[in-house]
Amino acid sequence: FKYWDASFLPVLKKLSVAYKEKYKESPIAESLMSQVKEIEVGYEEYLLTASGKKQAPEIKLKNPEGKLMTLSSLRGKVVLIDFWASWCGPCRRENPNVVAMYNKYKDKGFTVFSVSLDKDADAWKRAIQSDGLVWKNHVSDLLMWDTPLTQTYGFSSIPYTVLVNREGKIIGTNLRGESLEQKLKEVL
């Protein structure tokens, strides 16, 4: 929605209603209304997220050593929740950028909470080591795509990130590279 003009939404709604009135029995009319509703709900969700009013749902999982870690324990810091996996090529290519942001902003109250969608604990641990993911906040339930976090956080592909402010509120999603750094400069 970053480059989407919200003034189009009322036009889309009027268009779908007019189409439905003219073609009452058309499955296309029903589909159009449904798609416009999805856009509207998505836009409202985006506004809520971007406003910093939505609390980040708790994540409580074990780290590679089996110790339970929670997202809420990081309150007071700006946290990048990074959903990734050792088997995910795009994730592994993005890891150097995440490491660079961590190293650049860790002394200003920024940290990373890495949530792995791995199934193989050894592969997960090797990837942490080989990619130089030096922060301490690594967790996984080792359920891959069966993790309930995909539903909780509403994502279907990785890498996927959620930026959380010091109060635990979501202030951005799917930020990477330059857009992540810009947001970090803004909040730190």
# chains A, B, ... in the order shown; residues from 1 in each chain; ligands from 1

call {"tool": "closest_atom_pairs", "arguments": {"of": "segment 53-81 of chain A", "to": "segment 133-136 of chain A", "cutoff": "12 Å", "atoms": "only C-alpha atoms", "output": "CSV"}}
result
residue,atom,partner,partner_atom,distance
A:Lys62,CA,A:Lys136,CA,11.9
A:Asn63,CA,A:Lys136,CA,8.7
A:Pro64,CA,A:Lys136,CA,10.0
A:Glu65,CA,A:Lys136,CA,11.0
A:Lys67,CA,A:Lys136,CA,11.4
A:Met69,CA,A:Lys136,CA,9.9
A:Thr70,CA,A:Lys136,CA,11.9
A:Leu74,CA,A:Lys136,CA,11.3
A:Val79,CA,A:Trp135,CA,11.5
A:Leu80,CA,A:Trp135,CA,11.5

call {"tool": "select_by_dssp", "arguments": {"residues": "segment 25-139 of chain A", "states": "strand (DSSP E)", "output": "PDB file with N, CA, C and O atoms, in the first residue's frame"}}
result
ATOM      1  N   LYS A  60       6.625 -16.947  22.043  1.00  0.00           N
ATOM      2  CA  LYS A  60       7.266 -17.642  23.155  1.00  0.00           C
ATOM      3  C   LYS A  60       7.725 -19.002  22.635  1.00  0.00           C
ATOM      4  O   LYS A  60       6.925 -19.923  22.502  1.00  0.00           O
ATOM      5  N   LEU A  61       9.017 -19.070  22.276  1.00  0.00           N
ATOM      6  CA  LEU A  61       9.586 -20.293  21.704  1.00  0.00           C
ATOM      7  C   LEU A  61      10.959 -20.558  22.299  1.00  0.00           C
ATOM      8  O   LEU A  61      11.543 -19.684  22.950  1.00  0.00           O
ATOM      9  N   LYS A  62      11.490 -21.730  21.999  1.00  0.00           N
ATOM     10  CA  LYS A  62      12.802 -22.105  22.526  1.00  0.00           C
ATOM     11  C   LYS A  62      13.924 -21.680  21.579  1.00  0.00           C
ATOM     12  O   LYS A  62      13.763 -21.686  20.366  1.00  0.00           O
ATOM     13  N   LEU A  68      13.498 -21.217  26.825  1.00  0.00           N
ATOM     14  CA  LEU A  68      12.332 -20.474  26.371  1.00  0.00           C
ATOM     15  C   LEU A  68      12.648 -18.983  26.311  1.00  0.00           C
ATOM     16  O   LEU A  68      13.192 -18.421  27.269  1.00  0.00           O
ATOM     17  N   MET A  69      12.330 -18.353  25.180  1.00  0.00           N
ATOM     18  CA  MET A  69      12.550 -16.919  25.006  1.00  0.00           C
ATOM     19  C   MET A  69      11.226 -16.286  24.593  1.00  0.00           C
ATOM     20  O   MET A  69      10.423 -16.913  23.901  1.00  0.00           O
ATOM     21  N   THR A  70      11.029 -15.030  24.994  1.00  0.00           N
ATOM     22  CA  THR A  70       9.792 -14.322  24.635  1.00  0.00           C
ATOM     23  C   THR A  70      10.108 -13.000  23.963  1.00  0.00           C
ATOM     24  O   THR A  70      11.099 -12.335  24.291  1.00  0.00           O
ATOM     25  N   VAL A  78      13.795  -1.367  20.202  1.00  0.00           N
ATOM     26  CA  VAL A  78      13.167  -1.477  18.885  1.00  0.00           C
ATOM     27  C   VAL A  78      13.604  -2.836  18.354  1.00  0.00           C
ATOM     28  O   VAL A  78      14.798  -3.136  18.312  1.00  0.00           O
ATOM     29  N   VAL A  79      12.628  -3.666  17.979  1.00  0.00           N
ATOM     30  CA  VAL A  79      12.920  -5.055  17.631  1.00  0.00           C
ATOM     31  C   VAL A  79      12.472  -5.362  16.205  1.00  0.00           C
ATOM     32  O   VAL A  79      11.335  -5.070  15.827  1.00  0.00           O
ATOM     33  N   LEU A  80      13.380  -5.967  15.457  1.00  0.00           N
ATOM     34  CA  LEU A  80      13.027  -6.495  14.144  1.00  0.00           C
ATOM     35  C   LEU A  80      12.756  -7.987  14.332  1.00  0.00           C
ATOM     36  O   LEU A  80      13.668  -8.740  14.660  1.00  0.00           O
ATOM     37  N   ILE A  81      11.490  -8.392  14.159  1.00  0.00           N
ATOM     38  CA  ILE A  81      11.166  -9.816  14.160  1.00  0.00           C
ATOM     39  C   ILE A  81      11.444 -10.280  12.741  1.00  0.00           C
ATOM     40  O   ILE A  81      10.841  -9.790  11.789  1.00  0.00           O
ATOM     41  N   ASP A  82      12.384 -11.201  12.617  1.00  0.00           N
ATOM     42  CA  ASP A  82      12.824 -11.668  11.304  1.00  0.00           C
ATOM     43  C   ASP A  82      12.430 -13.136  11.141  1.00  0.00           C
ATOM     44  O   ASP A  82      13.021 -14.012  11.766  1.00  0.00           O
ATOM     45  N   PHE A  83      11.395 -13.382  10.330  1.00  0.00           N
ATOM     46  CA  PHE A  83      10.973 -14.747  10.030  1.00  0.00           C
ATOM     47  C   PHE A  83      11.815 -15.240   8.861  1.00  0.00           C
ATOM     48  O   PHE A  83      11.825 -14.618   7.788  1.00  0.00           O
ATOM     49  N   TRP A  84      12.521 -16.347   9.047  1.00  0.00           N
ATOM     50  CA  TRP A  84      13.478 -16.839   8.052  1.00  0.00           C
ATOM     51  C   TRP A  84      13.645 -18.342   8.227  1.00  0.00           C
ATOM     52  O   TRP A  84      13.025 -18.946   9.106  1.00  0.00           O
ATOM     53  N   PHE A 110      18.430  -1.096  19.360  1.00  0.00           N
ATOM     54  CA  PHE A 110      17.845  -1.967  18.339  1.00  0.00           C
ATOM     55  C   PHE A 110      18.348  -3.390  18.513  1.00  0.00           C
ATOM     56  O   PHE A 110      19.515  -3.611  18.831  1.00  0.00           O
ATOM     57  N   THR A 111      17.463  -4.343  18.299  1.00  0.00           N
ATOM     58  CA  THR A 111      17.883  -5.738  18.288  1.00  0.00           C
ATOM     59  C   THR A 111      17.034  -6.534  17.301  1.00  0.00           C
ATOM     60  O   THR A 111      16.068  -6.015  16.747  1.00  0.00           O
ATOM     61  N   VAL A 112      17.426  -7.773  17.097  1.00  0.00           N
ATOM     62  CA  VAL A 112      16.730  -8.664  16.172  1.00  0.00           C
ATOM     63  C   VAL A 112      16.223  -9.870  16.953  1.00  0.00           C
ATOM     64  O   VAL A 112      16.934 -10.396  17.821  1.00  0.00           O
ATOM     65  N   PHE A 113      15.008 -10.279  16.658  1.00  0.00           N
ATOM     66  CA  PHE A 113      14.405 -11.491  17.218  1.00  0.00           C
ATOM     67  C   PHE A 113      14.146 -12.408  16.035  1.00  0.00           C
ATOM     68  O   PHE A 113      13.184 -12.246  15.301  1.00  0.00           O
ATOM     69  N   SER A 114      15.068 -13.353  15.830  1.00  0.00           N
ATOM     70  CA  SER A 114      15.006 -14.234  14.663  1.00  0.00           C
ATOM     71  C   SER A 114      14.108 -15.435  14.952  1.00  0.00           C
ATOM     72  O   SER A 114      14.350 -16.176  15.905  1.00  0.00           O
ATOM     73  N   VAL A 115      13.103 -15.623  14.103  1.00  0.00           N
ATOM     74  CA  VAL A 115      12.179 -16.744  14.234  1.00  0.00           C
ATOM     75  C   VAL A 115      12.370 -17.634  13.013  1.00  0.00           C
ATOM     76  O   VAL A 115      12.041 -17.250  11.892  1.00  0.00           O
ATOM     77  N   SER A 116      12.913 -18.825  13.263  1.00  0.00           N
ATOM     78  CA  SER A 116      13.214 -19.736  12.164  1.00  0.00           C
ATOM     79  C   SER A 116      12.034 -20.639  11.844  1.00  0.00           C
ATOM     80  O   SER A 116      11.397 -21.184  12.739  1.00  0.00           O
ATOM     81  N   HIS A 138      17.341 -16.014  19.064  1.00  0.00           N
ATOM     82  CA  HIS A 138      17.009 -16.959  17.995  1.00  0.00           C
ATOM     83  C   HIS A 138      16.023 -17.970  18.563  1.00  0.00           C
ATOM     84  O   HIS A 138      16.301 -18.587  19.603  1.00  0.00           O
ATOM     85  N   VAL A 139      14.883 -18.143  17.891  1.00  0.00           N
ATOM     86  CA  VAL A 139      13.880 -19.097  18.370  1.00  0.00           C
ATOM     87  C   VAL A 139      13.272 -19.867  17.203  1.00  0.00           C
ATOM     88  O   VAL A 139      13.309 -19.413  16.056  1.00  0.00           O
TER      89      VAL A 139
END

call {"tool": "residues_around", "arguments": {"residues": "Pro10 of chain A", "least_positions_apart": "4", "cutoff": "10 Å", "atoms": "only C-alpha atoms", "output": "JSON, numbers by chain"}}
result
{"A": [6, 14, 15, 16, 36, 40]}

call {"tool": "atom_distance", "arguments": {"atom1": "atom CA of Leu71 of chain A", "atom2": "atom CA of Leu117 of chain A"}}
result
16.2 Å

call {"tool": "closest_residue", "arguments": {"among": "A:Asn97, A:Gln35, A:Gln55, A:Asn165", "to": "Glu186 of chain A", "atoms": "only C-alpha atoms"}}
result
A:Asn165

call {"tool": "closest_residue", "arguments": {"among": "A:Met101, A:Phe8, A:Pro96, A:Leu142", "to": "Asp122 of chain A", "atoms": "only C-alpha atoms"}}
result
A:Leu142

call {"tool": "atom_distance", "arguments": {"atom1": "atom CA of Ala100 of chain A", "atom2": "atom CA of Gly177 of chain A"}}
result
9.5 Å

call {"tool": "residues_around", "arguments": {"residues": "Lys108 of chain A", "least_positions_apart": "5", "cutoff": "12 Å", "atoms": "only C-alpha atoms", "output": "VMD selection string"}}
result
chain A and resid 76 to 79 101 to 103 166 184 to 185 187 to 188

call {"tool": "write_last_selection", "arguments": {"atoms": "C-alpha atoms", "output": "PDB file, in the first residue's frame"}}
result
ATOM      1  CA  GLY A  76      12.182  -1.185  25.716  1.00  0.00           C
ATOM      2  CA  LYS A  77      14.100  -1.926  22.525  1.00  0.00           C
ATOM      3  CA  VAL A  78      13.167  -1.477  18.885  1.00  0.00           C
ATOM      4  CA  VAL A  79      12.920  -5.055  17.631  1.00  0.00           C
ATOM      5  CA  MET A 101      21.578  -3.097  10.472  1.00  0.00           C
ATOM      6  CA  TYR A 102      22.090  -4.892  13.791  1.00  0.00           C
ATOM      7  CA  ASN A 103      25.745  -3.874  13.983  1.00  0.00           C
ATOM      8  CA  ARG A 166       9.916   0.145  22.341  1.00  0.00           C
ATOM      9  CA  LEU A 184      15.288   2.734  11.956  1.00  0.00           C
ATOM     10  CA  LYS A 185      16.710   6.240  11.490  1.00  0.00           C
ATOM     11  CA  VAL A 187      12.484   5.713  15.259  1.00  0.00           C
ATOM     12  CA  LEU A 188      15.954   5.652  16.814  1.00  0.00           C
TER      13      LEU A 188
END

call {"tool": "residues_around", "arguments": {"residues": "Gly154 of chain A", "least_positions_apart": "2", "cutoff": "12 Å", "atoms": "only C-alpha atoms", "output": "MDAnalysis selection string"}}
result
chainID A and resid 42 45:46 56:57 83 147:152 156:158 160:162 173:174

call {"tool": "select_by_dssp", "arguments": {"residues": "segment 34-153 of chain A", "states": "alpha helix (DSSP H)", "output": "PDB file with C-alpha atoms, in the first residue's frame"}}
result
ATOM      1  CA  SER A  34     -15.328  -9.632  -2.498  1.00  0.00           C
ATOM      2  CA  GLN A  35     -12.003  -8.405  -3.912  1.00  0.00           C
ATOM      3  CA  VAL A  36     -12.800  -4.781  -3.135  1.00  0.00           C
ATOM      4  CA  LYS A  37     -13.685  -5.801   0.434  1.00  0.00           C
ATOM      5  CA  GLU A  38     -10.307  -7.595   0.732  1.00  0.00           C
ATOM      6  CA  ILE A  39      -8.531  -4.441  -0.443  1.00  0.00           C
ATOM      7  CA  GLU A  40     -10.474  -2.367   2.073  1.00  0.00           C
ATOM      8  CA  VAL A  41      -9.695  -4.727   4.964  1.00  0.00           C
ATOM      9  CA  GLY A  42      -6.031  -4.893   3.913  1.00  0.00           C
ATOM     10  CA  TYR A  43      -5.795  -1.127   3.752  1.00  0.00           C
ATOM     11  CA  GLU A  44      -7.387  -0.745   7.193  1.00  0.00           C
ATOM     12  CA  GLU A  45      -4.908  -3.311   8.561  1.00  0.00           C
ATOM     13  CA  TYR A  46      -2.050  -1.381   6.945  1.00  0.00           C
ATOM     14  CA  LEU A  47      -3.239   1.882   8.544  1.00  0.00           C
ATOM     15  CA  LEU A  48      -3.488   0.218  11.947  1.00  0.00           C
ATOM     16  CA  THR A  49      -0.013  -1.286  11.602  1.00  0.00           C
ATOM     17  CA  ALA A  50       1.604   1.875  10.268  1.00  0.00           C
ATOM     18  CA  GLY A  89      17.720 -18.769  -0.337  1.00  0.00           C
ATOM     19  CA  PRO A  90      16.221 -15.247  -0.268  1.00  0.00           C
ATOM     20  CA  CYS A  91      16.432 -15.277   3.546  1.00  0.00           C
ATOM     21  CA  ARG A  92      20.082 -16.250   3.497  1.00  0.00           C
ATOM     22  CA  ARG A  93      20.828 -13.531   0.914  1.00  0.00           C
ATOM     23  CA  GLU A  94      19.054 -10.977   3.139  1.00  0.00           C
ATOM     24  CA  ASN A  95      20.926 -12.028   6.301  1.00  0.00           C
ATOM     25  CA  PRO A  96      24.015  -9.851   5.599  1.00  0.00           C
ATOM     26  CA  ASN A  97      21.706  -6.798   5.452  1.00  0.00           C
ATOM     27  CA  VAL A  98      20.094  -7.750   8.772  1.00  0.00           C
ATOM     28  CA  VAL A  99      23.547  -8.240  10.322  1.00  0.00           C
ATOM     29  CA  ALA A 100      24.659  -4.831   8.991  1.00  0.00           C
ATOM     30  CA  MET A 101      21.578  -3.097  10.472  1.00  0.00           C
ATOM     31  CA  TYR A 102      22.090  -4.892  13.791  1.00  0.00           C
ATOM     32  CA  ASN A 103      25.745  -3.874  13.983  1.00  0.00           C
ATOM     33  CA  LYS A 104      24.979  -0.288  13.005  1.00  0.00           C
ATOM     34  CA  TYR A 105      22.055   0.299  15.408  1.00  0.00           C
ATOM     35  CA  ALA A 121      17.634 -28.017  14.368  1.00  0.00           C
ATOM     36  CA  ASP A 122      21.190 -28.738  13.198  1.00  0.00           C
ATOM     37  CA  ALA A 123      20.684 -26.917   9.881  1.00  0.00           C
ATOM     38  CA  TRP A 124      19.180 -23.976  11.790  1.00  0.00           C
ATOM     39  CA  LYS A 125      22.157 -23.800  14.172  1.00  0.00           C
ATOM     40  CA  ARG A 126      24.674 -24.076  11.300  1.00  0.00           C
ATOM     41  CA  ALA A 127      22.947 -21.232   9.411  1.00  0.00           C
ATOM     42  CA  ILE A 128      23.057 -18.974  12.482  1.00  0.00           C
ATOM     43  CA  GLN A 129      26.780 -19.637  12.773  1.00  0.00           C
ATOM     44  CA  SER A 130      27.708 -19.432   9.091  1.00  0.00           C
ATOM     45  CA  LEU A 149       2.939 -17.830  13.716  1.00  0.00           C
ATOM     46  CA  THR A 150       2.133 -17.698   9.990  1.00  0.00           C
ATOM     47  CA  GLN A 151      -1.522 -17.137  10.936  1.00  0.00           C
ATOM     48  CA  THR A 152      -0.769 -14.949  13.941  1.00  0.00           C
ATOM     49  CA  TYR A 153       1.452 -12.606  11.934  1.00  0.00           C
TER      50      TYR A 153
END

call {"tool": "atom_distance", "arguments": {"atom1": "atom CA of Ala85 of chain A", "atom2": "atom CA of Arg176 of chain A"}}
result
16.0 Å
